[in-house]
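Structure record follows, encoded as structure tokens.
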Amino acid sequence: MTTPELLDAALVEEATKKSGLIWVRGGSGADRALWHVWHEGAALVIGDGPGEQPLPDLTDGGTAVVTVRSKDKGGRLIGWRASVVEPAPGTEAWEAAVAELKGKRLNAPDAETMTERWAATCRVLRLEPVAGPPVPASDGSLATAPLESPATTRNAVPAALPKLLTRRRRR
């Protein structure tokens with residue numbers, strides 16, 4: 001590798017290590033925000049199971065585009081291409097990935113049996129950087145419409161509510 005390629009690889013690794021969240025886009029569809037762990041030269045993600053994050057359309061042997069955000073400002077730092085590898089449950093690569101992910105998984109309802117649940121119902125993916133220049137930033141806005149979700153927002157606060165609340169406090 002030449003010096004610029006080494007610098008790009010170092011930037012990808014360092015930025016991804018420090019960011020707690022990456023945006024991943026598979027073959028089609030929208031980018032998805034995913035928590036991850038950087039381990040042995042790749043970003044590890046888990047999802048598509050009960051209680052876990054939904055993964056974008058990623059297939060073993062396919063490619064993805066990863067966008068790394070700044071941890072302090074939240075803005076885009078760098079984009080990179082990745083090859084997707086899905087280790088089979090029980091293999092040495094899967095066990096190593098799960099050991100790293102388990103240590104970083106927050107608020108798991110079943111911490112003792114989490115790895116068995118992951119083996120049965122979830123997908124563990126390695127997003128390995130592909131050599132080449134970083135993915136250039138778009139000229140326009142990177143904002144996208146929210147994905148469909150059963151979640152709803154609250155109704156607007158009634159206009160009289162602030163007056164009613166302050167009136168009670170005065171008494």
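In the structure tokens, chains take the letters A, B, ... in the order shown, each chain's residues start at 1, and ligands count up from 1 in the order shown.
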
DSSP on the backbone, alpha helix (DSSP H) only: what residues of chain A does that give? Format it as a PyMOL selection string.
chain A and resi 3-18+92-104+114-121+161-170

Which residues are close to stretch 55-57 of chain A, i.e. within 12 Å by only C-alpha atoms, leaving aside same-chain residues fewer than 3 positions away? Reply as a VMD selection string.
chain A and resid 22 to 36 44 to 49 52 60 62 to 66 84 122 to 125 147

Just give me the gap between atom CA of A:Arg126 and atom CA of A:Glu86 in Å, one decimal is fine.
6.3 Å
